[in-house]
Each structure stands twice: as C-alpha cells, then as structure tokens.
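Chemist: Pasting in a structure now, in structure tokens, and then I'll have a few things to ask.
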Amino acid sequence: MREVYLPASLDDLWRCLDDHPNAVFFAGGTDLFVKTRAGKVDAPVFIGLERIAELKGIREDAGNIRIGAVTTHSNLLSHPAVAHHLPVLKQALLTLGS
C-alpha cells in the first residue's frame with residue numbers, strides 16, 4: 001500500500017519532501033494512477049500538489065505571464081491573457097486529454 005500526502009502549503013510540501021525524498025508528485029493524478037496500475041510506476045509515497053494555492057493560477061507581471069504548476073486546463077482556457085497572448089497554448093489545450 002502507498003502513502004499519499006496532500007500538503008496545503010509550500011512549507012508543508014518541503015517538510016513532506018524532507019521526510020520522503022523519493023516520493024512521486026502528482027496534480028490530479030489521472031496519468032500517474034493509470035501508469036501505477038499498469039506497473040510502470042513503483043513509488044512508496046505519492047505527494048499531491050493540487051491543494052497548494054501558491055502553485056495555482058495565472059499572473060501577468062511586467063510583460064510576463066506566469067502559470068502555476070497545478071493550474072487546470074479549464075482555468076487556462078478561460079483566462080483572457082492565455083487567449084490573447086498564448087493562442088498556440090490555447091489551441092493545444094483544446095486538443096489535449098490530460
């Protein structure tokens with residue numbers, strides 16, 4: 001059986017990583033769990049990132065667009081900066097399944 005941790009902050013994440021340096025990260029987990037069931041991933045600990053607010057969202061700052069690591073496809077598709085500045089990303093999101 002695997003342990004699964006769902007840290008709520010970056011501080012929690014760093015503590016968890018200190019305790020489990022060989023953990024596998026996931027956000028959502030669909031692909032990871034399919035690969036795990038198929039025997040392609042063998043890790044004793046999984047760490048979910050989707051509850052960490054600092055890793056979510058889209059921010060425009062000084063001409064840059066910053067996309068958090070666990071920002072969802074639907075959030076990206078609905079954000080005006082993505083549609084305006086990153087049309088190729090938007091098109092890719094419309095064709096991706098995961």
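All residue names refer to the structure tokens as shown: chains lettered A, B, ... in order, residues numbered from 1 in each chain, ligands numbered from 1 in order.
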Please run DSSP on the backbone and report, as a PyMOL selection string, all residues within region 27-85 of chain A that come out as helix (DSSP H, G or I).
Modeler: chain A and resi 30-37+53-55+73-78+80-85
Chemist: Would you kindly return, as a PyMOL selection string, each protein, DNA or RNA residue with an atom no farther than 12 Å from any atom of region 76-91 of chain A, considering only C-alpha atoms and excluding same-chain residues fewer than 4 positions away?
Modeler: chain A and resi 56-61+63-72+95-96
Chemist: Near Gly48 (chain A), within 8 Å and counting only C-alpha atoms, which residues show up once chain neighbours fewer than 5 positions away are dropped, as a list of chain:residue names?
Modeler: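 The residues that qualify are A:Val4, A:Tyr5, A:Leu6, A:Pro7, A:Phe25, A:Phe26, A:Ala27, A:Gly28, A:Gly29.
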Chemist: Which of chain A counts as strand (DSSP E or B) under DSSP, as a list in words please?
Modeler: Glu3, Val4, Tyr5, Val24, Phe25, Phe26, Val45, Phe46, Ile47, Gly48, Ile58, Arg59, Glu60, Asp61, Asn64, Ile65, Arg66 and Ile67 of chain A
Chemist: His20 (chain A): which residues within 12 Å, counting only C-alpha atoms, same-chain residues fewer than 6 positions away excluded, as a PyMOL selection string?
Modeler: chain A and resi 3-5+13-14+43-47
Chemist: Near Ala53 (chain A), within 9 Å and counting only C-alpha atoms, which residues show up once chain neighbours fewer than 6 positions away are dropped, as a list in words?
Modeler: Ala8, Ser9, Leu10 and Val70 of chain A
Chemist: Could you tell me which of A:Leu93, A:Val41, A:Leu55, A:Met1 comes closest to His73 (chain A) if we count only C-alpha atoms?
Modeler: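 Closest to His73 (chain A), using only C-alpha atoms: A:Leu93.
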Chemist: How many Å separate CA of Leu49 (chain A) from CA of Cys16 (chain A)?
Modeler: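 Between CA of Leu49 (chain A) and CA of Cys16 (chain A) the gap is 11.3 Å.
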